[in-house]
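Asks: Handing over run-v3.pdb, PDB, C-alpha atoms and all ligand atoms.
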MODEL        1
ATOM      1  CA  MET M  57      -5.397 -15.436   4.131  1.00  0.00           C
ATOM      2  CA  PRO M  58      -2.280 -14.584   2.064  1.00  0.00           C
ATOM      3  CA  ILE M  59      -1.229 -11.474   4.035  1.00  0.00           C
ATOM      4  CA  GLU M  60      -1.485 -13.282   7.369  1.00  0.00           C
ATOM      5  CA  ASP M  61       0.422 -16.233   5.864  1.00  0.00           C
ATOM      6  CA  TRP M  62       3.258 -13.959   4.837  1.00  0.00           C
ATOM      7  CA  LEU M  63       3.360 -12.151   8.173  1.00  0.00           C
ATOM      8  CA  GLY M  64       3.377 -15.539   9.900  1.00  0.00           C
ATOM      9  CA  ALA M  65       6.285 -16.695   7.754  1.00  0.00           C
ATOM     10  CA  LEU M  66       8.434 -13.572   8.299  1.00  0.00           C
ATOM     11  CA  ALA M  67      11.644 -14.303  10.212  1.00  0.00           C
ATOM     12  CA  GLN M  68      11.497 -12.876  13.734  1.00  0.00           C
ATOM     13  CA  THR M  69      14.829 -11.496  14.842  1.00  0.00           C
ATOM     14  CA  ASP M  70      14.163  -9.171  17.764  1.00  0.00           C
ATOM     15  CA  HIS M  71      11.003  -8.382  19.718  1.00  0.00           C
ATOM     16  CA  SER M  72      12.566  -5.810  22.022  1.00  0.00           C
ATOM     17  CA  ALA M  73      10.757  -2.922  20.290  1.00  0.00           C
ATOM     18  CA  THR M  74       7.390  -4.631  19.909  1.00  0.00           C
ATOM     19  CA  ASP M  75       5.734  -3.320  23.085  1.00  0.00           C
ATOM     20  CA  GLY M  76       6.716   0.231  22.188  1.00  0.00           C
ATOM     21  CA  ASP M  77       5.546  -0.215  18.602  1.00  0.00           C
ATOM     22  CA  LEU M  78       2.192  -1.572  19.755  1.00  0.00           C
ATOM     23  CA  GLU M  79       1.801   1.296  22.183  1.00  0.00           C
ATOM     24  CA  SER M  80       2.690   3.865  19.544  1.00  0.00           C
ATOM     25  CA  LEU M  81       0.721   2.432  16.612  1.00  0.00           C
ATOM     26  CA  SER M  82      -2.176   0.271  17.763  1.00  0.00           C
ATOM     27  CA  GLY M  83      -4.214   3.086  19.320  1.00  0.00           C
ATOM     28  CA  ARG M  84      -4.657   4.912  16.027  1.00  0.00           C
ATOM     29  CA  ASP M  85      -7.786   4.674  13.923  1.00  0.00           C
ATOM     30  CA  TYR M  86      -7.788   1.942  11.258  1.00  0.00           C
ATOM     31  CA  PRO M  87     -11.392   1.910  10.062  1.00  0.00           C
ATOM     32  CA  PHE M  88     -10.918  -0.950   7.585  1.00  0.00           C
ATOM     33  CA  LEU M  89      -8.967  -3.301   9.863  1.00  0.00           C
ATOM     34  CA  PRO M  90     -10.069  -5.328  12.894  1.00  0.00           C
ATOM     35  CA  ASP M  91      -7.934  -4.750  16.020  1.00  0.00           C
ATOM     36  CA  THR M  92      -6.541  -8.297  15.967  1.00  0.00           C
ATOM     37  CA  CYS M  93      -5.302  -7.795  12.459  1.00  0.00           C
ATOM     38  CA  VAL M  94      -3.665  -4.449  13.333  1.00  0.00           C
ATOM     39  CA  CYS M  95      -1.889  -5.901  16.387  1.00  0.00           C
ATOM     40  CA  ASN M  96      -0.671  -8.972  14.530  1.00  0.00           C
ATOM     41  CA  GLN M  97       0.731  -6.875  11.692  1.00  0.00           C
ATOM     42  CA  ILE M  98       2.551  -4.558  14.110  1.00  0.00           C
ATOM     43  CA  GLU M  99       3.974  -7.477  16.122  1.00  0.00           C
ATOM     44  CA  ARG M 100       5.204  -9.481  13.143  1.00  0.00           C
ATOM     45  CA  LEU M 101       6.765  -6.514  11.321  1.00  0.00           C
ATOM     46  CA  SER M 102       8.312  -5.180  14.506  1.00  0.00           C
ATOM     47  CA  GLY M 103       9.777  -8.589  15.344  1.00  0.00           C
ATOM     48  CA  HIS M 104      11.190  -8.830  11.833  1.00  0.00           C
ATOM     49  CA  LEU M 105      12.640  -5.329  11.601  1.00  0.00           C
ATOM     50  CA  GLY M 106      14.149  -5.356  15.090  1.00  0.00           C
ATOM     51  CA  HIS M 107      14.878  -2.531  17.479  1.00  0.00           C
ATOM     52  CA  ARG M 108      17.109  -0.276  15.379  1.00  0.00           C
ATOM     53  CA  HIS M 109      15.950   2.896  13.640  1.00  0.00           C
ATOM     54  CA  ASN M 110      12.929   3.435  15.876  1.00  0.00           C
ATOM     55  CA  SER M 111      11.280   6.256  13.975  1.00  0.00           C
ATOM     56  CA  VAL M 112      11.853   4.770  10.517  1.00  0.00           C
ATOM     57  CA  ARG M 113      10.631   1.316  11.598  1.00  0.00           C
ATOM     58  CA  ARG M 114       7.429   2.806  12.996  1.00  0.00           C
ATOM     59  CA  GLU M 115       6.836   4.855   9.856  1.00  0.00           C
ATOM     60  CA  VAL M 116       7.289   1.725   7.734  1.00  0.00           C
ATOM     61  CA  ILE M 117       4.879  -0.333   9.856  1.00  0.00           C
ATOM     62  CA  ALA M 118       2.342   2.525   9.826  1.00  0.00           C
ATOM     63  CA  TYR M 119       2.717   2.703   6.046  1.00  0.00           C
ATOM     64  CA  SER M 120       1.977  -1.019   5.697  1.00  0.00           C
ATOM     65  CA  LEU M 121      -1.216  -0.624   7.756  1.00  0.00           C
ATOM     66  CA  TYR M 122      -2.236   2.326   5.609  1.00  0.00           C
ATOM     67  CA  ILE M 123      -1.581   0.520   2.308  1.00  0.00           C
ATOM     68  CA  ARG M 124      -3.500  -2.522   3.527  1.00  0.00           C
ATOM     69  CA  GLN M 125      -6.528  -0.303   4.045  1.00  0.00           C
ATOM     70  CA  VAL M 126      -6.191   1.355   0.636  1.00  0.00           C
ATOM     71  CA  ASP M 127      -5.913  -2.102  -0.907  1.00  0.00           C
ATOM     72  CA  LEU M 128      -9.103  -3.218   0.878  1.00  0.00           C
ATOM     73  CA  MET M 129     -10.991  -0.158  -0.358  1.00  0.00           C
ATOM     74  CA  LEU M 130      -9.991  -0.818  -3.948  1.00  0.00           C
ATOM     75  CA  GLN M 131     -10.806  -4.514  -3.665  1.00  0.00           C
ATOM     76  CA  SER M 132     -14.279  -3.661  -2.447  1.00  0.00           C
ATOM     77  CA  GLY M 133     -15.344  -2.261  -5.807  1.00  0.00           C
ATOM     78  CA  PRO M 134     -12.928  -0.471  -8.141  1.00  0.00           C
ATOM     79  CA  ARG M 135     -10.877  -3.593  -8.897  1.00  0.00           C
ATOM     80  CA  GLY M 136     -13.983  -5.135 -10.465  1.00  0.00           C
ATOM     81  CA  PHE M 137     -13.626  -2.502 -13.192  1.00  0.00           C
ATOM     82  CA  CYS M 138      -9.886  -3.260 -13.499  1.00  0.00           C
ATOM     83  CA  GLY M 139     -10.626  -6.972 -13.844  1.00  0.00           C
ATOM     84  CA  GLY M 140     -13.414  -6.711 -16.389  1.00  0.00           C
ATOM     85  CA  ARG M 141     -13.167  -3.406 -18.234  1.00  0.00           C
ATOM     86  CA  CYS M 142      -9.543  -2.306 -18.147  1.00  0.00           C
ATOM     87  CA  PRO M 143      -8.818  -0.258 -21.289  1.00  0.00           C
ATOM     88  CA  SER M 144      -5.293  -1.672 -21.586  1.00  0.00           C
ATOM     89  CA  PRO M 145      -5.276  -5.412 -20.914  1.00  0.00           C
ATOM     90  CA  PRO M 146      -3.554  -7.692 -20.019  1.00  0.00           C
ATOM     91  CA  ALA M 147      -1.336  -5.713 -17.624  1.00  0.00           C
ATOM     92  CA  GLY M 148      -3.304  -2.465 -17.300  1.00  0.00           C
ATOM     93  CA  CYS M 149      -1.241   0.169 -15.522  1.00  0.00           C
ATOM     94  CA  CYS M 150       1.342  -2.416 -14.356  1.00  0.00           C
ATOM     95  CA  ASN M 151       3.254  -1.743 -17.556  1.00  0.00           C
ATOM     96  CA  SER M 152       6.522  -0.683 -15.942  1.00  0.00           C
ATOM     97  CA  ASN M 153       8.387  -0.896 -12.622  1.00  0.00           C
ATOM     98  CA  HIS M 154       6.068   1.450 -10.747  1.00  0.00           C
ATOM     99  CA  PHE M 155       6.820  -0.408  -7.506  1.00  0.00           C
ATOM    100  CA  VAL M 156      10.000   1.667  -7.107  1.00  0.00           C
ATOM    101  CA  ILE M 157       9.331   3.998  -4.178  1.00  0.00           C
ATOM    102  CA  MET M 158      11.309   7.046  -5.218  1.00  0.00           C
ATOM    103  CA  ASN M 159      11.590   8.006  -8.880  1.00  0.00           C
ATOM    104  CA  VAL M 160      14.253  10.292 -10.364  1.00  0.00           C
ATOM    105  CA  THR M 161      12.263  13.440  -9.499  1.00  0.00           C
ATOM    106  CA  ASP M 162      11.935  12.330  -5.882  1.00  0.00           C
ATOM    107  CA  ILE M 163      15.619  11.498  -5.570  1.00  0.00           C
ATOM    108  CA  MET M 164      16.753  14.789  -7.143  1.00  0.00           C
ATOM    109  CA  ASN M 165      14.575  16.784  -4.730  1.00  0.00           C
ATOM    110  CA  SER M 166      16.830  18.820  -2.484  1.00  0.00           C
ATOM    111  CA  GLN M 167      14.200  18.790   0.297  1.00  0.00           C
ATOM    112  CA  ASN M 168      14.455  15.043   0.894  1.00  0.00           C
ATOM    113  CA  SER M 169      14.433  14.109   4.550  1.00  0.00           C
ATOM    114  CA  PRO M 170      16.801  11.358   5.707  1.00  0.00           C
ATOM    115  CA  VAL M 171      13.803   9.535   7.222  1.00  0.00           C
ATOM    116  CA  ALA M 172      12.018   9.461   3.839  1.00  0.00           C
ATOM    117  CA  LEU M 173      15.131   8.085   2.139  1.00  0.00           C
ATOM    118  CA  HIS M 174      15.547   5.469   4.835  1.00  0.00           C
ATOM    119  CA  MET M 175      11.856   4.551   4.609  1.00  0.00           C
ATOM    120  CA  ALA M 176      12.168   4.072   0.847  1.00  0.00           C
ATOM    121  CA  HIS M 177      15.126   1.756   1.381  1.00  0.00           C
ATOM    122  CA  MET M 178      13.414  -0.284   4.106  1.00  0.00           C
ATOM    123  CA  ILE M 179      10.175  -0.581   2.105  1.00  0.00           C
ATOM    124  CA  GLY M 180      12.215  -1.713  -0.914  1.00  0.00           C
ATOM    125  CA  LEU M 181      13.701  -4.553   1.156  1.00  0.00           C
ATOM    126  CA  MET M 182      10.232  -5.554   2.399  1.00  0.00           C
ATOM    127  CA  GLN M 183       8.901  -5.535  -1.176  1.00  0.00           C
ATOM    128  CA  LYS M 184      11.456  -8.170  -2.168  1.00  0.00           C
ATOM    129  CA  LEU M 185      10.368 -10.452   0.674  1.00  0.00           C
ATOM    130  CA  GLU M 186       6.656  -9.889   0.111  1.00  0.00           C
ATOM    131  CA  SER M 187       6.848 -10.409  -3.626  1.00  0.00           C
ATOM    132  CA  SER M 188       8.905 -13.580  -3.385  1.00  0.00           C
ATOM    133  CA  HIS M 189       6.448 -15.030  -0.830  1.00  0.00           C
ATOM    134  CA  HIS M 190       3.284 -14.177  -2.785  1.00  0.00           C
ATOM    135  CA  GLY M 191       4.941 -15.132  -6.062  1.00  0.00           C
ATOM    136  CA  LEU M 192       5.810 -18.664  -4.844  1.00  0.00           C
ATOM    137  CA  GLY M 193       4.372 -21.237  -7.226  1.00  0.00           C
ATOM    138  CA  THR M 194       3.016 -18.529  -9.538  1.00  0.00           C
ATOM    139  CA  ALA M 195       4.567 -17.588 -12.864  1.00  0.00           C
ATOM    140  CA  MET M 196       5.603 -13.964 -13.132  1.00  0.00           C
ATOM    141  CA  ARG M 197       4.489 -11.957 -16.160  1.00  0.00           C
ATOM    142  CA  PRO M 198       7.593 -10.950 -18.131  1.00  0.00           C
ATOM    143  CA  GLY M 199       7.825  -7.634 -19.947  1.00  0.00           C
ATOM    144  CA  TYR M 200       5.851  -5.555 -17.439  1.00  0.00           C
ATOM    145  CA  CYS M 201       6.421  -4.566 -13.812  1.00  0.00           C
ATOM    146  CA  SER M 202       8.729  -7.096 -12.202  1.00  0.00           C
ATOM    147  CA  MET M 203       6.291  -7.466  -9.258  1.00  0.00           C
ATOM    148  CA  LEU M 204       3.493  -8.635 -11.584  1.00  0.00           C
ATOM    149  CA  ALA M 205       2.555 -12.325 -11.533  1.00  0.00           C
ATOM    150  CA  GLN M 206       0.139 -14.034 -13.916  1.00  0.00           C
ATOM    151  CA  ASP M 207      -2.600 -13.613 -11.319  1.00  0.00           C
ATOM    152  CA  GLY M 208      -1.832 -10.000 -10.401  1.00  0.00           C
ATOM    153  CA  CYS M 209       0.420  -7.887  -8.212  1.00  0.00           C
ATOM    154  CA  THR M 210       2.542  -9.747  -5.656  1.00  0.00           C
ATOM    155  CA  LEU M 211       2.562  -6.763  -3.255  1.00  0.00           C
ATOM    156  CA  ARG M 212      -0.234  -6.151  -0.737  1.00  0.00           C
ATOM    157  CA  LEU M 213       1.367  -4.232   2.161  1.00  0.00           C
ATOM    158  CA  PHE M 214       4.277  -2.535   0.445  1.00  0.00           C
ATOM    159  CA  LYS M 215       3.093  -1.149  -2.879  1.00  0.00           C
ATOM    160  CA  SER M 216       4.673   2.219  -3.689  1.00  0.00           C
ATOM    161  CA  PRO M 217       2.590   5.338  -3.032  1.00  0.00           C
ATOM    162  CA  ARG M 218       2.198   5.862  -6.787  1.00  0.00           C
ATOM    163  CA  CYS M 219       0.951   2.323  -7.391  1.00  0.00           C
ATOM    164  CA  ALA M 220      -1.358   2.227  -4.421  1.00  0.00           C
ATOM    165  CA  HIS M 221      -3.091   5.503  -5.323  1.00  0.00           C
ATOM    166  CA  PHE M 222      -3.133   5.350  -9.121  1.00  0.00           C
ATOM    167  CA  MET M 223      -6.539   5.229 -10.809  1.00  0.00           C
ATOM    168  CA  CYS M 224      -6.723   5.641 -14.586  1.00  0.00           C
ATOM    169  CA  GLU M 225      -9.156   8.051 -16.223  1.00  0.00           C
ATOM    170  CA  GLY M 226     -11.543   5.247 -17.224  1.00  0.00           C
ATOM    171  CA  LEU M 227     -11.815   4.021 -13.642  1.00  0.00           C
ATOM    172  CA  ARG M 228     -12.177   7.549 -12.292  1.00  0.00           C
ATOM    173  CA  GLN M 229     -15.026   8.278 -14.709  1.00  0.00           C
ATOM    174  CA  GLU M 230     -16.754   5.034 -13.772  1.00  0.00           C
ATOM    175  CA  MET M 231     -16.563   5.855 -10.048  1.00  0.00           C
ATOM    176  CA  LEU M 232     -17.870   9.371 -10.671  1.00  0.00           C
ATOM    177  CA  ARG M 233     -20.750   7.961 -12.692  1.00  0.00           C
ATOM    178  CA  GLU M 234     -21.615   5.479  -9.937  1.00  0.00           C
ATOM    179  CA  SER M 235     -21.074   7.591  -6.820  1.00  0.00           C
ATOM    180  CA  GLY M 236     -20.920  11.266  -7.864  1.00  0.00           C
ATOM    181  CA  ASP M 237     -19.589  13.724  -5.284  1.00  0.00           C
ATOM    182  CA  ALA M 238     -18.706  11.049  -2.723  1.00  0.00           C
ATOM    183  CA  ALA M 239     -16.297   9.593  -5.281  1.00  0.00           C
ATOM    184  CA  ARG M 240     -15.016  13.024  -6.316  1.00  0.00           C
ATOM    185  CA  THR M 241     -13.522  13.867  -2.922  1.00  0.00           C
ATOM    186  CA  PHE M 242     -12.022  10.388  -2.572  1.00  0.00           C
ATOM    187  CA  LEU M 243     -10.496  10.549  -6.052  1.00  0.00           C
ATOM    188  CA  ALA M 244      -9.046  14.003  -5.333  1.00  0.00           C
ATOM    189  CA  ALA M 245      -7.383  12.686  -2.169  1.00  0.00           C
ATOM    190  CA  MET M 246      -5.970   9.679  -4.074  1.00  0.00           C
ATOM    191  CA  LYS M 247      -4.639  11.900  -6.863  1.00  0.00           C
ATOM    192  CA  ASP M 248      -2.939  14.214  -4.364  1.00  0.00           C
ATOM    193  CA  VAL M 249      -0.799  11.407  -2.964  1.00  0.00           C
ATOM    194  CA  GLU M 250      -0.158   9.771  -6.318  1.00  0.00           C
ATOM    195  CA  SER M 251       1.213  13.000  -7.782  1.00  0.00           C
ATOM    196  CA  THR M 252       3.171  14.208  -4.756  1.00  0.00           C
ATOM    197  CA  THR M 253       6.961  14.313  -4.891  1.00  0.00           C
ATOM    198  CA  ILE M 254       8.126  12.065  -2.091  1.00  0.00           C
ATOM    199  CA  SER M 255      10.281  14.063   0.267  1.00  0.00           C
ATOM    200  CA  SER M 256       9.143  13.309   3.818  1.00  0.00           C
ATOM    201  CA  PRO M 257       7.204  10.578   5.666  1.00  0.00           C
ATOM    202  CA  ALA M 258       4.023  12.657   5.207  1.00  0.00           C
ATOM    203  CA  SER M 259       4.218  12.288   1.427  1.00  0.00           C
ATOM    204  CA  PHE M 260       3.762   8.493   1.565  1.00  0.00           C
ATOM    205  CA  SER M 261       0.148   8.543   2.700  1.00  0.00           C
ATOM    206  CA  SER M 262      -2.889  10.727   3.390  1.00  0.00           C
ATOM    207  CA  GLN M 263      -5.434  10.741   6.177  1.00  0.00           C
ATOM    208  CA  ALA M 264      -7.891  12.255   3.691  1.00  0.00           C
ATOM    209  CA  VAL M 265      -7.779   9.026   1.648  1.00  0.00           C
ATOM    210  CA  ILE M 266      -8.780   7.016   4.716  1.00  0.00           C
ATOM    211  CA  ASP M 267     -11.467   9.501   5.791  1.00  0.00           C
ATOM    212  CA  GLN M 268     -13.015   9.861   2.342  1.00  0.00           C
ATOM    213  CA  GLY M 269     -12.653   6.134   1.664  1.00  0.00           C
ATOM    214  CA  ALA M 270     -14.408   5.309   4.922  1.00  0.00           C
ATOM    215  CA  ARG M 271     -17.337   7.418   3.729  1.00  0.00           C
ATOM    216  CA  LEU M 272     -17.397   6.030   0.216  1.00  0.00           C
ATOM    217  CA  PHE M 273     -16.855   2.379   1.121  1.00  0.00           C
ATOM    218  CA  SER M 274     -18.675   2.398   4.468  1.00  0.00           C
ATOM    219  CA  ALA M 275     -20.494  -0.842   3.643  1.00  0.00           C
ATOM    220  CA  HIS M 276     -17.119  -2.575   3.748  1.00  0.00           C
ATOM    221  CA  LEU M 277     -15.964  -1.414   7.175  1.00  0.00           C
ATOM    222  CA  PRO M 278     -15.457  -4.277   9.644  1.00  0.00           C
ATOM    223  CA  GLN M 279     -18.467  -4.849  11.886  1.00  0.00           C
ATOM    224  CA  GLY M 280     -17.673  -4.100  15.528  1.00  0.00           C
TER     225      GLY M 280
HETATM  226  S1  LIG L 301      -6.496   1.485 -12.999  1.00  0.00           S
HETATM  227 FE1  LIG L 301      -7.173   1.536 -15.133  1.00  0.00          FE
HETATM  228  S2  LIG L 301      -5.372   0.900 -16.353  1.00  0.00           S
HETATM  229 FE2  LIG L 301      -5.020   0.308 -14.216  1.00  0.00          FE
HETATM  230  S3  LIG L 301      -5.758  -1.849 -14.112  1.00  0.00           S
HETATM  231 FE3  LIG L 301      -7.455  -0.494 -13.447  1.00  0.00          FE
HETATM  232  S4  LIG L 301      -8.639  -0.154 -15.311  1.00  0.00           S
HETATM  233 FE4  LIG L 301      -6.640  -0.924 -15.972  1.00  0.00          FE
HETATM  234  S1  LIG L 302       3.878  -2.991  -7.969  1.00  0.00           S
HETATM  235 FE1  LIG L 302       2.064  -4.154  -8.385  1.00  0.00          FE
HETATM  236  S2  LIG L 302       0.452  -2.636  -8.764  1.00  0.00           S
HETATM  237 FE2  LIG L 302       2.418  -1.584  -8.967  1.00  0.00          FE
HETATM  238  S3  LIG L 302       2.906  -1.686 -11.158  1.00  0.00           S
HETATM  239 FE3  LIG L 302       3.898  -3.405 -10.158  1.00  0.00          FE
HETATM  240  S4  LIG L 302       2.464  -5.121 -10.358  1.00  0.00           S
HETATM  241 FE4  LIG L 302       1.341  -3.211 -10.737  1.00  0.00          FE
ENDMDL
END
Go through the file and emit its structure as structure tokens.
Replies:
Amino acid sequence: MPIEDWLGALAQTDHSATDGDLESLSGRDYPFLPDTCVCNQIERLSGHLGHRHNSVRREVIAYSLYIRQVDLMLQSGPRGFCGGRCPSPPAGCCNSNHFVIMNVTDIMNSQNSPVALHMAHMIGLMQKLESSHHGLGTAMRPGYCSMLAQDGCTLRLFKSPRCAHFMCEGLRQEMLRESGDAARTFLAAMKDVESTTISSPASFSSQAVIDQGARLFSAHLPQG
């Protein structure tokens, strides 16, 4: 499994914060992830990031668990539309460097919290590692987003909030046609995060996306 391979390959520098990270993060609800997967992801990222910057490190690990779930939801159905009926092939919406966490509007925002800025920096560093691991042996696709390989995005845990939540109008209409109101509330939650100016840790993710996604994609929840 590529994500587990990457986590397994991540350099481990310091496990002194791992028990605390597990205690703080593993008891939360991750409806799309088995417990073993949650614990492994926390342990490997904690061991890589080390003991400094406690609150930022935990926010970054929590973000990776959140994005992994969003990715699983989209894989369970919507990406079929992207693969077969995208209105703008070959790169679809990966037409520019949307992986960048904070755009000019975010950076110019006077309300920025230091934790959000630090998170953006730490996630940016993790993106480089993740992309170079998943891109190994695969040609990148020049002229589009620099995280885009010939076989798709090289980020799974550390996509930017805008990338992870973006759904074009064609895909939104298709989901509404297929699932009606259940899709409507999910799409509204996704749009909220995608269009939010990033200024605090809360603007990176949304519990409503997980809750509405768990309803819409319930057939894809792990069996207990
Ligand atoms: S979201 Fe829309 S533009 Fe982006 S890859 Fe999917 S179908 Fe294409
Ligand atoms: S980070 Fe990935 S999903 Fe986002 S634009 Fe780049 S290739 Fe596409």
Asks: Tell me which residues the PyMOL selection byres (((chain M and resi 251-260) around 8) and not hetatm) grabs here, as a list in words.
Replies: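 Matching residues under the PyMOL selection byres (((chain M and resi 251-260) around 8) and not hetatm) are Glu115, Tyr119, Met158, Thr161, Asp162, Asn165, Gln167, Asn168, Ser169, Val171, Ala172, Leu173, Met175, Pro217, Arg218, Lys247, Asp248, Val249, Glu250, Ser261 and Ser262 of chain M.
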Asks: Within 10 Å of (6.9, -5.2, -16.9), all atoms listed in the file: residues as a ChimeraX atom specification?
Replies: /M:147,149-154,196-205
Asks: Determine the nearest neighbour of Ala67 in chain M from the options M:Ile266, M:Tyr86, M:Met182, M:His177, counting all atoms listed in the file.
Replies: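 Of the candidates, the smallest distance to Ala67 in chain M is held by M:Met182.
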Asks: Between M:Val265, M:Ala238, M:Leu192, M:Cys138, which residue has the minimum interatomic distance to ligand LIG 301 (chain L), considering all atoms listed in the file?
Replies: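 Looking only at the distances to ligand LIG 301 (chain L), the closest residue turns out to be M:Cys138.
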Asks: To test the calculation: enclose all listed atoms of ligand LIG 302 (chain L) in a box whose edges run along x, y and z, add 3 Å on each side, then state centre and edge lengths in Å to one decimal, as lines of an AutoDock Vina configuration file.
Replies:
center_x = 2.2
center_y = -3.4
center_z = -9.6
size_x = 9.4
size_y = 9.5
size_z = 9.2
Asks: Counting all atoms listed in the file, which residues in chain M sit no more than 12 Å from ligand LIG 301 (chain L)? For each one, give the nearest pair of atoms and the distance in Å, sorted by chain then residue number, as CSV.
Replies:
residue,atom,partner,partner_atom,distance
M:Leu130,CA,L:LIG301,FE3,9.8
M:Gln131,CA,L:LIG301,FE3,11.1
M:Gly133,CA,L:LIG301,FE3,11.1
M:Pro134,CA,L:LIG301,FE3,7.6
M:Arg135,CA,L:LIG301,FE3,6.5
M:Gly136,CA,L:LIG301,FE3,8.5
M:Phe137,CA,L:LIG301,S4,5.9
M:Cys138,CA,L:LIG301,FE3,3.7
M:Gly139,CA,L:LIG301,S3,7.1
M:Gly140,CA,L:LIG301,S4,8.2
M:Arg141,CA,L:LIG301,S4,6.3
M:Cys142,CA,L:LIG301,S4,3.7
M:Pro143,CA,L:LIG301,FE4,5.8
M:Ser144,CA,L:LIG301,FE4,5.8
M:Pro145,CA,L:LIG301,FE4,6.8
M:Pro146,CA,L:LIG301,FE4,8.5
M:Ala147,CA,L:LIG301,S3,6.8
M:Gly148,CA,L:LIG301,FE4,3.9
M:Cys149,CA,L:LIG301,FE2,4.0
M:Cys150,CA,L:LIG301,FE2,6.9
M:Asn151,CA,L:LIG301,S2,9.1
M:Ser152,CA,L:LIG301,FE2,11.7
M:His154,CA,L:LIG301,FE2,11.7
M:Leu204,CA,L:LIG301,S3,11.7
M:Gly208,CA,L:LIG301,S3,9.8
M:Cys209,CA,L:LIG301,S3,10.5
M:Arg218,CA,L:LIG301,S1,11.5
M:Cys219,CA,L:LIG301,FE2,9.3
M:Ala220,CA,L:LIG301,S1,10.0
M:His221,CA,L:LIG301,S1,9.3
M:Phe222,CA,L:LIG301,S1,6.4
M:Met223,CA,L:LIG301,S1,4.3
M:Cys224,CA,L:LIG301,FE1,4.2
M:Glu225,CA,L:LIG301,FE1,6.9
M:Gly226,CA,L:LIG301,FE1,6.1
M:Leu227,CA,L:LIG301,FE1,5.5
M:Arg228,CA,L:LIG301,FE1,8.3
M:Gln229,CA,L:LIG301,FE1,10.4
M:Glu230,CA,L:LIG301,S4,9.8
M:Met231,CA,L:LIG301,S4,11.3
Asks: With distances taken over all atoms listed in the file, which residue among M:Met129, M:Leu213, M:Cys93, M:Ala244 lies nearest ligand LIG 302 (chain L)?
Replies: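 Closest residue, counting all atoms listed in the file: M:Leu213.
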